[in-house]
Structure formats: structure tokens, C-alpha cells
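> Got input_32.csv for you, CSV, C-alpha atoms and all ligand atoms:
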chain,number,residue,atom,x,y,z
Y,1,MET,CA,-61.2,-115.0,-25.5
Y,2,SER,CA,-59.4,-115.0,-28.8
Y,3,GLY,CA,-55.9,-113.6,-28.6
Y,4,PRO,CA,-53.0,-113.7,-31.0
Y,5,THR,CA,-52.3,-117.2,-29.8
Y,6,THR,CA,-55.9,-118.4,-30.3
Y,7,GLY,CA,-56.3,-117.2,-33.8
Y,8,GLY,CA,-57.8,-113.7,-33.4
Y,9,TRP,CA,-57.3,-111.6,-36.5
Y,10,PRO,CA,-55.8,-109.0,-36.7
Y,11,PRO,CA,-53.8,-109.7,-33.6
Y,12,LEU,CA,-55.0,-106.6,-31.8
Y,13,ARG,CA,-54.3,-106.1,-28.1
Y,14,GLU,CA,-57.1,-107.8,-26.2
Y,15,GLU,CA,-58.3,-104.6,-24.5
Y,16,LEU,CA,-58.6,-102.7,-27.8
Y,17,ARG,CA,-60.9,-105.2,-29.5
Y,18,GLY,CA,-64.3,-103.8,-30.6
Y,19,ILE,CA,-63.4,-100.2,-29.6
Y,20,GLU,CA,-64.5,-97.5,-32.1
Y,21,PRO,CA,-61.9,-94.8,-32.9
Y,22,TYR,CA,-62.5,-91.5,-31.2
Y,23,GLY,CA,-64.0,-88.6,-33.2
Y,24,ALA,CA,-67.0,-86.4,-33.5
Y,25,PRO,CA,-69.2,-86.9,-36.6
Y,26,GLN,CA,-67.8,-84.8,-39.5
Y,27,LEU,CA,-71.0,-83.9,-41.3
Y,28,ASP,CA,-71.1,-81.4,-44.2
Y,29,VAL,CA,-73.7,-78.9,-42.9
Y,30,PRO,CA,-73.9,-75.1,-43.3
Y,31,VAL,CA,-73.3,-74.2,-39.6
Y,32,GLN,CA,-70.7,-76.4,-37.8
Y,33,LEU,CA,-70.5,-75.7,-34.1
Y,34,ASN,CA,-69.4,-79.1,-32.9
Y,35,VAL,CA,-65.6,-79.3,-32.4
Y,36,ASN,CA,-64.7,-75.9,-30.9
Y,37,GLU,CA,-62.8,-74.8,-34.0
Y,38,ASN,CA,-62.1,-71.1,-34.5
Y,39,PRO,CA,-64.6,-69.9,-37.2
Y,40,TYR,CA,-62.1,-67.3,-38.5
Y,41,GLY,CA,-59.4,-68.4,-40.8
Y,42,PRO,CA,-56.1,-66.7,-40.9
Y,43,SER,CA,-56.0,-63.2,-42.6
Y,44,PRO,CA,-54.6,-62.9,-46.2
Y,45,ALA,CA,-51.4,-61.4,-44.7
Y,46,CYS,CA,-51.0,-64.4,-42.4
Y,47,VAL,CA,-51.7,-66.8,-45.2
Y,48,ALA,CA,-49.0,-65.1,-47.4
Y,49,ASP,CA,-46.5,-65.2,-44.6
Y,50,ILE,CA,-47.2,-68.9,-44.0
Y,51,ALA,CA,-46.8,-69.6,-47.8
Y,52,THR,CA,-43.4,-67.9,-47.9
Y,53,ALA,CA,-42.3,-69.8,-44.8
Y,54,VAL,CA,-43.3,-73.1,-46.3
Y,55,ALA,CA,-41.5,-72.3,-49.6
Y,56,GLN,CA,-38.3,-71.5,-47.6
Y,57,ALA,CA,-38.7,-74.8,-45.6
Y,58,ALA,CA,-39.2,-76.7,-48.8
Y,59,VAL,CA,-35.7,-75.8,-50.1
Y,60,THR,CA,-34.1,-78.0,-47.4
Y,61,LEU,CA,-36.7,-80.8,-47.2
Y,62,ASN,CA,-33.9,-83.3,-48.1
Y,63,ARG,CA,-32.5,-82.7,-44.6
Y,64,TYR,CA,-34.1,-83.8,-41.3
Y,65,PRO,CA,-35.7,-80.8,-39.4
Y,66,ASP,CA,-34.2,-79.2,-36.2
Y,67,ARG,CA,-34.8,-82.0,-33.7
Y,68,GLU,CA,-34.9,-79.5,-30.8
Y,69,PHE,CA,-37.0,-76.9,-32.8
Y,70,THR,CA,-35.0,-74.2,-31.1
Y,71,ALA,CA,-36.5,-71.2,-33.0
Y,72,LEU,CA,-40.0,-72.4,-32.3
Y,73,ARG,CA,-39.4,-73.1,-28.6
Y,74,THR,CA,-37.9,-69.6,-28.3
Y,75,ALA,CA,-41.0,-68.0,-30.0
Y,76,LEU,CA,-43.4,-70.0,-27.9
Y,77,ALA,CA,-41.6,-69.1,-24.7
Y,78,ALA,CA,-41.8,-65.4,-25.6
Y,79,TYR,CA,-45.5,-65.8,-26.3
Y,80,LEU,CA,-46.3,-67.7,-23.0
Y,81,SER,CA,-44.2,-65.2,-21.0
Y,82,LYS,CA,-46.9,-62.6,-21.5
Y,83,ASP,CA,-49.3,-64.7,-19.4
Y,84,ALA,CA,-46.7,-65.7,-16.7
Y,85,THR,CA,-45.4,-63.8,-13.7
Y,86,ALA,CA,-41.8,-64.9,-14.3
Y,87,SER,CA,-40.5,-65.1,-17.9
Y,88,ILE,CA,-40.5,-68.6,-19.4
Y,89,ALA,CA,-37.3,-69.9,-21.0
Y,90,PRO,CA,-37.1,-72.0,-24.2
Y,91,GLU,CA,-35.8,-75.0,-22.1
Y,92,GLN,CA,-39.2,-74.9,-20.3
Y,93,VAL,CA,-41.1,-75.4,-23.5
Y,94,TRP,CA,-41.9,-78.5,-25.4
Y,95,ALA,CA,-44.1,-79.0,-28.5
Y,96,ALA,CA,-45.6,-81.8,-30.6
Y,97,ASN,CA,-48.2,-82.4,-33.2
Y,98,GLY,CA,-51.2,-81.1,-31.3
Y,99,SER,CA,-51.6,-81.0,-27.5
Y,100,ASN,CA,-53.1,-84.4,-27.8
Y,101,GLU,CA,-49.6,-85.7,-28.7
Y,102,VAL,CA,-48.0,-83.6,-26.0
Y,103,MET,CA,-50.3,-85.3,-23.4
Y,104,LEU,CA,-49.7,-88.8,-24.8
Y,105,GLN,CA,-46.0,-88.2,-24.5
Y,106,LEU,CA,-46.5,-87.1,-20.9
Y,107,LEU,CA,-48.3,-90.4,-20.2
Y,108,GLN,CA,-45.6,-92.3,-22.1
Y,109,ALA,CA,-42.9,-90.7,-19.9
Y,110,PHE,CA,-44.7,-90.5,-16.6
Y,111,GLY,CA,-47.4,-93.1,-16.7
Y,112,GLY,CA,-47.1,-96.8,-17.7
Y,113,PRO,CA,-47.7,-100.2,-16.0
Y,114,GLY,CA,-48.1,-100.0,-12.3
Y,115,ARG,CA,-48.9,-96.3,-12.4
Y,116,THR,CA,-52.1,-94.3,-12.3
Y,117,ALA,CA,-53.6,-91.3,-14.1
Y,118,VAL,CA,-56.4,-89.3,-12.5
Y,119,SER,CA,-58.9,-86.7,-13.8
Y,120,PHE,CA,-62.3,-85.4,-12.6
Y,121,ALA,CA,-65.4,-86.1,-14.7
Y,122,PRO,CA,-67.0,-84.6,-16.7
Y,123,THR,CA,-63.6,-84.2,-18.4
Y,124,TYR,CA,-62.0,-84.4,-21.8
Y,125,SER,CA,-62.9,-87.8,-23.3
Y,126,MET,CA,-59.4,-88.4,-24.8
Y,127,TYR,CA,-57.6,-88.7,-21.4
Y,128,PRO,CA,-58.7,-92.3,-20.7
Y,129,GLU,CA,-57.5,-93.2,-24.2
Y,130,TYR,CA,-54.0,-91.9,-23.5
Y,131,ALA,CA,-54.1,-94.0,-20.3
Y,132,ARG,CA,-55.3,-97.1,-22.1
Y,133,ASP,CA,-52.7,-96.7,-24.8
Y,134,THR,CA,-49.8,-96.4,-22.4
Y,135,ASN,CA,-51.1,-99.2,-20.0
Y,136,THR,CA,-51.6,-96.6,-17.3
Y,137,ARG,CA,-54.4,-97.3,-14.7
Y,138,TRP,CA,-57.2,-94.8,-15.1
Y,139,VAL,CA,-59.2,-93.3,-12.2
Y,140,ALA,CA,-61.9,-90.7,-12.7
Y,141,GLY,CA,-63.1,-88.7,-9.7
Y,142,ARG,CA,-66.2,-86.6,-9.9
Y,143,ARG,CA,-66.7,-82.8,-10.1
Y,144,ALA,CA,-69.4,-81.1,-8.0
Y,145,GLU,CA,-72.9,-80.4,-9.2
Y,146,ASP,CA,-71.8,-77.0,-10.6
Y,147,PHE,CA,-68.8,-78.6,-12.3
Y,148,ALA,CA,-66.3,-77.0,-9.8
Y,149,LEU,CA,-63.8,-79.2,-8.1
Y,150,ASP,CA,-64.6,-80.3,-4.5
Y,151,LEU,CA,-61.1,-79.7,-3.3
Y,152,ASP,CA,-61.3,-81.8,-0.2
Y,153,ALA,CA,-62.6,-84.8,-2.1
Y,154,ALA,CA,-60.0,-84.2,-4.9
Y,155,ARG,CA,-57.2,-84.1,-2.4
Y,156,ASP,CA,-58.4,-87.3,-0.7
Y,157,LEU,CA,-58.6,-89.1,-4.0
Y,158,VAL,CA,-55.0,-88.0,-4.8
Y,159,LYS,CA,-53.8,-89.2,-1.4
Y,160,THR,CA,-55.5,-92.6,-1.9
Y,161,GLU,CA,-54.7,-93.3,-5.5
Y,162,ARG,CA,-51.2,-91.7,-5.6
Y,163,PRO,CA,-51.4,-90.9,-9.3
Y,164,SER,CA,-48.2,-90.2,-11.2
Y,165,VAL,CA,-50.2,-87.9,-13.6
Y,166,ILE,CA,-53.2,-85.7,-12.9
Y,167,LEU,CA,-55.0,-84.3,-15.9
Y,168,LEU,CA,-57.0,-81.1,-15.3
Y,169,PRO,CA,-58.5,-79.2,-18.3
Y,170,SER,CA,-58.9,-75.5,-17.4
Y,171,PRO,CA,-61.1,-74.2,-18.9
Y,172,ASN,CA,-62.7,-77.6,-18.7
Y,173,ASN,CA,-64.1,-79.4,-21.8
Y,174,PRO,CA,-67.0,-80.1,-22.0
Y,175,THR,CA,-68.2,-77.7,-19.2
Y,176,GLY,CA,-66.2,-74.5,-20.0
Y,177,THR,CA,-65.4,-73.9,-16.3
Y,178,ALA,CA,-61.9,-72.7,-15.3
Y,179,LEU,CA,-60.1,-73.8,-12.2
Y,180,PRO,CA,-59.2,-71.3,-9.5
Y,181,PRO,CA,-55.4,-71.1,-8.9
Y,182,GLU,CA,-56.0,-72.4,-5.3
Y,183,ALA,CA,-57.3,-75.7,-6.7
Y,184,VAL,CA,-54.2,-76.1,-8.9
Y,185,GLY,CA,-52.0,-75.3,-5.9
Y,186,VAL,CA,-53.7,-77.8,-3.6
Y,187,LEU,CA,-53.4,-80.6,-6.2
Y,188,CYS,CA,-49.8,-79.8,-7.0
Y,189,GLU,CA,-49.0,-80.1,-3.3
Y,190,ALA,CA,-51.0,-83.3,-2.8
Y,191,ALA,CA,-49.5,-84.9,-5.9
Y,192,GLY,CA,-45.9,-83.8,-5.3
Y,193,ASP,CA,-45.4,-84.7,-1.7
Y,194,GLY,CA,-43.8,-87.8,-0.2
Y,195,ASP,CA,-42.8,-90.7,-2.5
Y,196,THR,CA,-45.6,-90.1,-5.1
Y,197,ASN,CA,-43.9,-87.3,-7.1
Y,198,GLY,CA,-46.8,-87.0,-9.4
Y,199,ILE,CA,-47.1,-84.3,-12.0
Y,200,VAL,CA,-50.2,-82.1,-12.5
Y,201,VAL,CA,-51.0,-81.2,-16.1
Y,202,VAL,CA,-53.3,-78.2,-16.5
Y,203,ASP,CA,-54.7,-78.5,-20.0
Y,204,GLU,CA,-55.2,-74.8,-21.1
Y,205,ALA,CA,-56.3,-75.6,-24.7
Y,206,TYR,CA,-58.9,-72.8,-24.3
Y,207,GLY,CA,-56.7,-70.6,-22.0
Y,208,GLU,CA,-56.7,-67.6,-24.3
Y,209,PHE,CA,-60.6,-67.5,-24.2
Y,210,ARG,CA,-60.8,-67.1,-20.4
Y,211,ARG,CA,-62.7,-64.1,-19.0
Y,212,THR,CA,-61.0,-61.0,-17.9
Y,213,GLY,CA,-59.6,-61.5,-14.4
Y,214,VAL,CA,-59.3,-65.3,-14.6
Y,215,PRO,CA,-55.6,-66.1,-14.2
Y,216,SER,CA,-53.6,-68.7,-16.1
Y,217,ALA,CA,-51.9,-71.6,-14.3
Y,218,LEU,CA,-48.7,-70.3,-16.0
Y,219,GLU,CA,-48.5,-67.9,-13.1
Y,220,LEU,CA,-48.0,-70.8,-10.7
Y,221,LEU,CA,-45.0,-72.4,-12.6
Y,222,PRO,CA,-42.3,-70.8,-10.4
Y,223,SER,CA,-44.1,-72.2,-7.3
Y,224,TYR,CA,-44.5,-75.9,-8.3
Y,225,ARG,CA,-41.8,-78.0,-10.0
Y,226,ASN,CA,-44.4,-80.7,-10.8
Y,227,LEU,CA,-46.8,-78.3,-12.7
Y,228,VAL,CA,-47.2,-78.7,-16.4
Y,229,VAL,CA,-49.3,-76.3,-18.4
Y,230,THR,CA,-50.3,-77.3,-22.0
Y,231,ARG,CA,-51.6,-75.1,-24.7
Y,232,THR,CA,-52.5,-75.5,-28.4
Y,233,MET,CA,-52.6,-73.5,-31.6
Y,234,SER,CA,-55.8,-75.4,-32.6
Y,235,LYS,CA,-58.2,-73.0,-31.0
Y,236,ALA,CA,-57.1,-69.5,-30.3
Y,237,PHE,CA,-54.6,-69.5,-33.2
Y,238,ALA,CA,-57.1,-70.8,-35.7
Y,239,GLY,CA,-54.7,-73.6,-36.4
Y,240,ALA,CA,-56.7,-76.8,-35.9
Y,241,GLY,CA,-55.3,-78.1,-39.2
Y,242,LEU,CA,-51.7,-77.2,-38.3
Y,243,ARG,CA,-51.4,-79.7,-35.5
Y,244,LEU,CA,-49.2,-77.8,-33.0
Y,245,GLY,CA,-49.6,-78.2,-29.3
Y,246,TYR,CA,-47.0,-77.2,-26.6
Y,247,LEU,CA,-46.4,-77.1,-22.9
Y,248,ALA,CA,-44.5,-75.1,-20.3
Y,249,ALA,CA,-42.9,-76.9,-17.3
Y,250,ALA,CA,-39.6,-77.3,-15.4
Y,251,PRO,CA,-36.7,-78.1,-17.8
Y,252,GLU,CA,-36.3,-81.6,-16.3
Y,253,ILE,CA,-39.8,-82.4,-17.4
Y,254,CYS,CA,-39.1,-81.3,-21.0
Y,255,ASP,CA,-35.9,-83.4,-20.9
Y,256,ALA,CA,-37.8,-86.4,-19.8
Y,257,ILE,CA,-40.2,-86.2,-22.7
Y,258,ARG,CA,-37.2,-86.1,-25.1
Y,259,VAL,CA,-36.6,-89.7,-24.2
Y,260,VAL,CA,-40.0,-90.9,-25.5
Y,261,ARG,CA,-40.6,-88.6,-28.5
Y,262,LEU,CA,-40.1,-90.0,-32.0
Y,263,PRO,CA,-37.0,-88.7,-33.8
Y,264,TYR,CA,-37.8,-85.5,-35.7
Y,265,HIS,CA,-41.5,-85.6,-34.7
Y,266,LEU,CA,-42.1,-82.0,-35.7
Y,267,SER,CA,-41.7,-81.6,-39.4
Y,268,ALA,CA,-39.8,-78.6,-40.9
Y,269,VAL,CA,-43.1,-77.5,-42.5
Y,270,THR,CA,-44.9,-77.6,-39.1
Y,271,GLN,CA,-42.2,-75.6,-37.4
Y,272,ALA,CA,-42.2,-73.0,-40.2
Y,273,VAL,CA,-46.0,-72.6,-40.2
Y,274,ALA,CA,-46.2,-72.4,-36.5
Y,275,LEU,CA,-43.5,-69.7,-36.4
Y,276,ALA,CA,-45.3,-67.7,-39.1
Y,277,ALA,CA,-48.6,-68.0,-37.3
Y,278,LEU,CA,-47.0,-66.8,-34.0
Y,279,ARG,CA,-45.8,-63.7,-35.8
Y,280,HIS,CA,-49.4,-62.9,-36.4
Y,281,ALA,CA,-50.5,-63.5,-32.8
Y,282,PRO,CA,-51.9,-59.9,-32.2
Y,283,GLU,CA,-54.2,-60.2,-35.2
Y,284,LEU,CA,-55.3,-63.8,-34.3
Y,285,LEU,CA,-55.9,-62.9,-30.7
Y,286,GLY,CA,-58.0,-59.9,-31.8
Y,287,LYS,CA,-60.4,-62.5,-33.2
Y,288,VAL,CA,-60.3,-64.3,-29.9
Y,289,ASP,CA,-61.6,-61.1,-28.3
Y,290,ASP,CA,-64.5,-61.0,-30.8
Y,291,LEU,CA,-65.3,-64.7,-29.9
Y,292,ARG,CA,-65.2,-64.0,-26.1
Y,293,ARG,CA,-67.7,-61.2,-26.6
Y,294,GLU,CA,-69.9,-63.5,-28.8
Y,295,ARG,CA,-69.6,-66.2,-26.1
Y,296,ASP,CA,-70.7,-63.9,-23.3
Y,297,ALA,CA,-73.7,-62.7,-25.4
Y,298,LEU,CA,-74.6,-66.4,-26.1
Y,299,VAL,CA,-74.5,-67.2,-22.3
Y,300,ASP,CA,-76.7,-64.2,-21.6
Y,301,TRP,CA,-79.2,-65.1,-24.3
Y,302,LEU,CA,-79.5,-68.8,-23.2
Y,303,ARG,CA,-80.0,-67.7,-19.6
Y,304,ALA,CA,-82.7,-65.2,-20.6
Y,305,GLU,CA,-84.4,-68.1,-22.4
Y,306,GLU,CA,-84.2,-69.9,-19.1
Y,307,TYR,CA,-81.8,-72.6,-20.0
Y,308,ASP,CA,-79.3,-73.9,-17.4
Y,309,VAL,CA,-75.9,-72.7,-18.6
Y,310,ALA,CA,-72.4,-73.5,-17.2
Y,311,ASP,CA,-70.1,-70.5,-16.7
Y,312,SER,CA,-67.8,-70.5,-19.7
Y,313,ASP,CA,-64.2,-69.4,-20.0
Y,314,ALA,CA,-63.9,-71.2,-23.3
Y,315,ASN,CA,-65.1,-70.9,-26.9
Y,316,PHE,CA,-68.1,-73.1,-26.3
Y,317,VAL,CA,-71.0,-73.2,-24.0
Y,318,LEU,CA,-72.7,-76.2,-22.2
Y,319,PHE,CA,-76.4,-75.7,-21.8
Y,320,GLY,CA,-79.5,-77.7,-21.0
Y,321,ARG,CA,-81.2,-79.5,-19.6
Y,322,PHE,CA,-83.3,-81.5,-21.9
Y,323,ALA,CA,-85.4,-84.6,-21.2
Y,324,ASP,CA,-84.3,-85.9,-24.7
Y,325,ARG,CA,-81.1,-84.1,-25.7
Y,326,HIS,CA,-80.7,-86.3,-28.7
Y,327,ALA,CA,-84.0,-85.1,-30.2
Y,328,VAL,CA,-82.8,-81.4,-29.7
Y,329,TRP,CA,-79.4,-82.2,-31.3
Y,330,GLN,CA,-81.2,-83.9,-34.3
Y,331,GLY,CA,-83.7,-81.1,-34.6
Y,332,LEU,CA,-80.9,-78.6,-34.9
Y,333,LEU,CA,-79.1,-80.7,-37.4
Y,334,ASP,CA,-82.3,-80.9,-39.5
Y,335,ARG,CA,-82.1,-77.1,-39.6
Y,336,GLY,CA,-78.5,-77.1,-40.7
Y,337,VAL,CA,-76.8,-76.5,-37.3
Y,338,LEU,CA,-74.4,-79.1,-36.0
Y,339,ILE,CA,-73.6,-79.0,-32.3
Y,340,ARG,CA,-72.2,-81.7,-30.0
Y,341,GLU,CA,-74.1,-84.2,-27.9
Y,342,THR,CA,-71.6,-84.6,-25.1
Y,343,GLY,CA,-71.2,-83.9,-21.4
Y,344,PRO,CA,-73.5,-85.1,-18.6
Y,345,ASP,CA,-76.9,-86.4,-19.7
Y,346,GLY,CA,-79.4,-83.7,-20.5
Y,347,TRP,CA,-76.8,-81.2,-21.6
Y,348,LEU,CA,-75.6,-80.1,-25.1
Y,349,ARG,CA,-72.4,-78.2,-26.1
Y,350,VAL,CA,-72.3,-75.5,-28.7
Y,351,SER,CA,-69.1,-73.9,-30.1
Y,352,VAL,CA,-69.0,-70.2,-30.5
Y,353,GLY,CA,-69.0,-69.2,-34.2
Y,354,THR,CA,-69.4,-66.0,-36.2
Y,355,PRO,CA,-72.3,-63.6,-35.4
Y,356,GLU,CA,-74.2,-65.0,-38.4
Y,357,GLU,CA,-73.6,-68.6,-37.2
Y,358,MET,CA,-74.8,-67.8,-33.7
Y,359,ALA,CA,-77.9,-66.1,-35.1
Y,360,ALA,CA,-78.6,-69.3,-37.1
Y,361,PHE,CA,-78.1,-71.3,-33.9
Y,362,ARG,CA,-80.5,-69.1,-31.9
Y,363,ALA,CA,-83.2,-69.3,-34.6
Y,364,ALA,CA,-82.9,-73.0,-34.9
Y,365,LEU,CA,-83.0,-73.6,-31.1
Y,366,THR,CA,-86.0,-71.4,-30.7
Y,367,ASP,CA,-87.7,-73.3,-33.5
Y,368,VAL,CA,-86.8,-76.8,-32.2
Y,369,ASP,CA,-87.4,-76.1,-28.5
Y,370,GLY,CA,-90.5,-73.9,-28.9
Y,371,GLU,CA,-92.7,-76.4,-27.1
Y,372,ARG,CA,-90.5,-76.5,-24.0
Y,373,ALA,CA,-92.5,-75.8,-20.8
X,1,LIG,C1,-59.3,-79.2,-28.4
X,1,LIG,C2,-58.7,-79.6,-27.2
X,1,LIG,C3,-57.3,-79.9,-27.1
X,1,LIG,C4,-56.5,-79.6,-28.3
X,1,LIG,O1,-56.1,-80.7,-29.0
X,1,LIG,P1,-55.0,-80.5,-30.2
X,1,LIG,O2,-54.5,-81.9,-30.3
X,1,LIG,O3,-54.0,-79.5,-29.8
X,1,LIG,O4,-55.8,-80.1,-31.4
X,1,LIG,C5,-56.7,-80.3,-26.0
X,1,LIG,N1,-57.5,-80.5,-24.8
X,1,LIG,C6,-58.8,-80.2,-24.8
X,1,LIG,C7,-59.5,-80.4,-23.5
X,1,LIG,C8,-59.4,-79.8,-26.0
X,1,LIG,O5,-60.8,-79.7,-26.0
Take the structure from the file and write it as C-alpha cells.

Amino acid sequence: MSGPTTGGWPPLREELRGIEPYGAPQLDVPVQLNVNENPYGPSPACVADIATAVAQAAVTLNRYPDREFTALRTALAAYLSKDATASIAPEQVWAANGSNEVMLQLLQAFGGPGRTAVSFAPTYSMYPEYARDTNTRWVAGRRAEDFALDLDAARDLVKTERPSVILLPSPNNPTGTALPPEAVGVLCEAAGDGDTNGIVVVDEAYGEFRRTGVPSALELLPSYRNLVVTRTMSKAFAGAGLRLGYLAAAPEICDAIRVVRLPYHLSAVTQAVALAALRHAPELLGKVDDLRRERDALVDWLRAEEYDVADSDANFVLFGRFADRHAVWQGLLDRGVLIRETGPDGWLRVSVGTPEEMAAFRAALTDVDGERA
């Protein structure tokens, strides 16, 4: 094939040729329920606080930002400690421009040539891309029919493949299902024993949306030195545009990432905005409670309409099954409602929006799928 030496242009890496960049269609329709954004923007008080913080940061923009983002790490550690059994220290926290960047950094530090990353499908579609971009071998196991992890099979896969990184979204995207703590424990033990020394990354991008009584993997941090829990401000904090993701792990893991991060990767503006948003956590998390109630009502409605619905601990719901899911997706779009055609064949994913948006979704689905037997 054509490579840089045989005249290919531009001289892209062989394995990247012909690949489309990742991304859901960004269509301008009235009801957008396709990328799990928070439908509620920040309050006027939060917006004012952010504006003041940015103005203050602007005064010193001639200087590089705090490379160790100490104030932000301290605030994130205090926030995370509320979900943990033992309080989390700033040295246990790392942040980057979205949790996507955090996870890419994890693969840069702990993956690489000769190493393997593992997840269990259906899973987040970005994971294989981090593996590809870091020349890490990618292996996907399967989840069970009900999207839970078959623990024996998962443990066996880890024993055979000896991954240096295991990526586990919980709640999972696109299914919405959370992992029980036993599953995380079993995989931490399987990955961490002997000469493998693999890390287990529990991606809790939707952690704040979990149902009452569902624990966070943060509670397990004191038990497993190879456990990493990632979070993001994109969903619960209504900050998808901010680009701030973070993790909690053993301090040695945070130190290792410092080797691969770009210098000053978190801008002074990002740090200031994230700190201001964190000061408004109670108000933002109040909206999360509204969305959790709306999510539970949506699951109940879909089940009453006799759809198959995966249990959801996230701000979206996977439902089906359709002989022709694309036709249903298109029918909804024709009625001004954009959802996501993703997940196993026959299923569709809808993000939870405002009560008005969900009413529009229900009306459109009833209309589109009226003929269903
Ligand atoms: C939305 C999402 C994220 C968050 O990505 P950011 O880069 O923080 O915006 C991470 N993991 C999963 C599984 C997601 O769905």
C-alpha cells in the first residue's frame, strides 16, 4: 500500500488512512437528545461568578498557568470526598481537558506498543481510538445479554490477555447500566496480581446520575492501588463546553501521568471556570436530581409502552428493539427530535432533557411507532 515512502499524501500513518473522525451528527433541530448533554445551562448567579473568575484570570494571561492546578485539584478532591469512604487528597486527583483527554493520557502512560487495553462491549466508542492512537493493542470482551458483566468470563479474559489498562464505564455508555462494586473488585484483583500490574479505569462520566443506593467506585479506592475513577464536568455540571475531566487514584498514578501531559495543558481560563462552577455544585446537582426523576419516569413510560429498556443509572436510556432502528431514528428527526442511533443493533439511545423535551420525544415516538405490533 502507499506509505510515506511510496508517495502517499498526506503522509498519514498507514492505519489511520480512510478513517472518519469520531462525532455524532450535530444537526440544528428543536429537540436535541443525542449526546447526553445537560439540558439546563448554569444559573445567572453561576454565569456571573464564572464571568468574574475569567476577568480575574485575564489579568495575568501573559503568564503560564499553574502547571499543577493546585487550587482546582484541592476543590475537586473536596468534591469527590463526599462520594468516598476515606477522604481524597489533592495528590490523588488529576485533571485535563475533558475526561477523554484524561483517558488518552492514561493510555499514553500505561498503554503503548506491546501492551493491551481491554473493555467489554457494548462500551464507549472512543476507547478503541485511544488504543489506536497510542499503539496499544485493543481487545473487546462481551457483556451478557442484559448488559451486565459475566464476571467469570471477564476474569478469564483478563488472565489470558494480561491488559495493562482495563476501561470500564459505569454507568456504561450506551447501555446506562452501572457495575456492582464486586465486579470492580474482581477485575482490580485479576488485573493487579502477578507481573501484569494492570490498572482498572472506572469511567464514571455519569456517576452523579446513578440511582439511590448504587455506590460509586470511589468507595473502593482505599482497597485497590490499581483503581482509577474518572469523572467529568461535561454532564452533571452542565459543562460540556468547558472541557474539564478528572480522576481520582493513587498519587503514584497521578505522578506517572505528569510525565506524558503537555506543559500547561489546563489553561488559566479553564482552571478559573472549573473552580467557579464547583462553587455552584449544590445548585447544579439539584438539576441532576430533576434529571434523575425525569429519567426514571421515561423508563417507566417506555416499559408501559412495552419497549425493552435497559436499567439506567445515567442521563440517557437505551430502548428498543426495532426491526429497522434507522427508520425510527429518521422518523423522530423528521418530527424535530434528534436522538442517537448507537448501541447493539435494534436499540436506540435517548438523552434525558427537560420535561417539555421529553413530552416532545414521547409524542414523536408514539406517532412514528404507532404501527408497531
Ligand atoms: C460523555 C462521556 C465522557 C465525557 O467526556 P468529556 O471528554 O469529559 O466530555 C466520558 N466517558 C463516557 C463514557 C461518556 O459518555
> With a distance cut-off of 12 Å and only C-alpha atoms, select the neighbouring residues of Tyr224 (chain Y), excluding the residue or stretch itself and same-chain residues fewer than 3 positions from it, and output the selection as a PyMOL selection string.
chain Y and resi 181+184-193+197-201+217-221+227-229+249-250
> Which value, in Å to one decimal, gives the distance between CA of Val260 (chain Y) and CA of Pro65 (chain Y)?
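So the two atoms, CA of Val260 (chain Y) and CA of Pro65 (chain Y), lie 17.7 Å apart.
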> Name the residues in contact with region 143-155 of chain Y at a cut-off of 8 Å, using all atoms listed in the file, excluding same-chain residues fewer than 6 positions from it; report them as a list of chain:residue names.
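Selected residues are Y:Phe120, Y:Ala121, Y:Pro122, Y:Thr175, Y:Thr177, Y:Leu179, Y:Ala183, Y:Val186, Y:Leu187, Y:Ala190, Y:Ala310.
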> Could you tell me how far CA of Arg279 (chain Y) lies from CA of Ala75 (chain Y), in Å and to one decimal?
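Taking CA of Arg279 (chain Y) as the start and CA of Ala75 (chain Y) as the end point, the length is 8.7 Å.
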> Output the neighbourhood of ligand LIG 1 (chain X) as a ChimeraX atom specification, that is, all protein and nucleic acid residues with some atom at most 7 Å from the ligand, counting all atoms listed in the file.
/Y:36,97-101,124,169,172-173,203,205,232-235,240,243-245
> Output C-alpha atoms for every residue in the selection just made, as a JSON list (two decimals), in the frame of the given file.

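again.json, written as the output of this step:
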[["chain", "number", "residue", "atom", "x", "y", "z"],
["Y", 36, "ASN", "CA", -64.70, -75.90, -30.90],
["Y", 97, "ASN", "CA", -48.20, -82.40, -33.20],
["Y", 98, "GLY", "CA", -51.20, -81.10, -31.30],
["Y", 99, "SER", "CA", -51.60, -81.00, -27.50],
["Y", 100, "ASN", "CA", -53.10, -84.40, -27.80],
["Y", 101, "GLU", "CA", -49.60, -85.70, -28.70],
["Y", 124, "TYR", "CA", -62.00, -84.40, -21.80],
["Y", 169, "PRO", "CA", -58.50, -79.20, -18.30],
["Y", 172, "ASN", "CA", -62.70, -77.60, -18.70],
["Y", 173, "ASN", "CA", -64.10, -79.40, -21.80],
["Y", 203, "ASP", "CA", -54.70, -78.50, -20.00],
["Y", 205, "ALA", "CA", -56.30, -75.60, -24.70],
["Y", 232, "THR", "CA", -52.50, -75.50, -28.40],
["Y", 233, "MET", "CA", -52.60, -73.50, -31.60],
["Y", 234, "SER", "CA", -55.80, -75.40, -32.60],
["Y", 235, "LYS", "CA", -58.20, -73.00, -31.00],
["Y", 240, "ALA", "CA", -56.70, -76.80, -35.90],
["Y", 243, "ARG", "CA", -51.40, -79.70, -35.50],
["Y", 244, "LEU", "CA", -49.20, -77.80, -33.00],
["Y", 245, "GLY", "CA", -49.60, -78.20, -29.30]]
> Compute the distance from (-46.2, -66.5, -41.3) to each atom, counting all atoms listed in the file, keep the residues with any atom at most 6 Å away, and return them as a ChimeraX atom specification; use the coordinates of the file.
/Y:46,49-50,276-277
> Residues near Ser119 (chain Y), anyone? I mean within 7 Å using all atoms listed in the file, not counting same-chain ones fewer than 3 positions away, as a list of chain:residue names.
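Contacts, in chain order: Y:Val139, Y:Ala140, Y:Gly141, Y:Ile166, Y:Leu167, Y:Leu168.
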> Give me a file of those residues, with C-alpha atoms, as a PDB file, in the frame of the given file.

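Wrote it out as selection.pdb, contents follow:
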ATOM      1  CA  VAL Y 139     -59.200 -93.300 -12.200  1.00  0.00           C
ATOM      2  CA  ALA Y 140     -61.900 -90.700 -12.700  1.00  0.00           C
ATOM      3  CA  GLY Y 141     -63.100 -88.700  -9.700  1.00  0.00           C
ATOM      4  CA  ILE Y 166     -53.200 -85.700 -12.900  1.00  0.00           C
ATOM      5  CA  LEU Y 167     -55.000 -84.300 -15.900  1.00  0.00           C
ATOM      6  CA  LEU Y 168     -57.000 -81.100 -15.300  1.00  0.00           C
TER       7      LEU Y 168
END
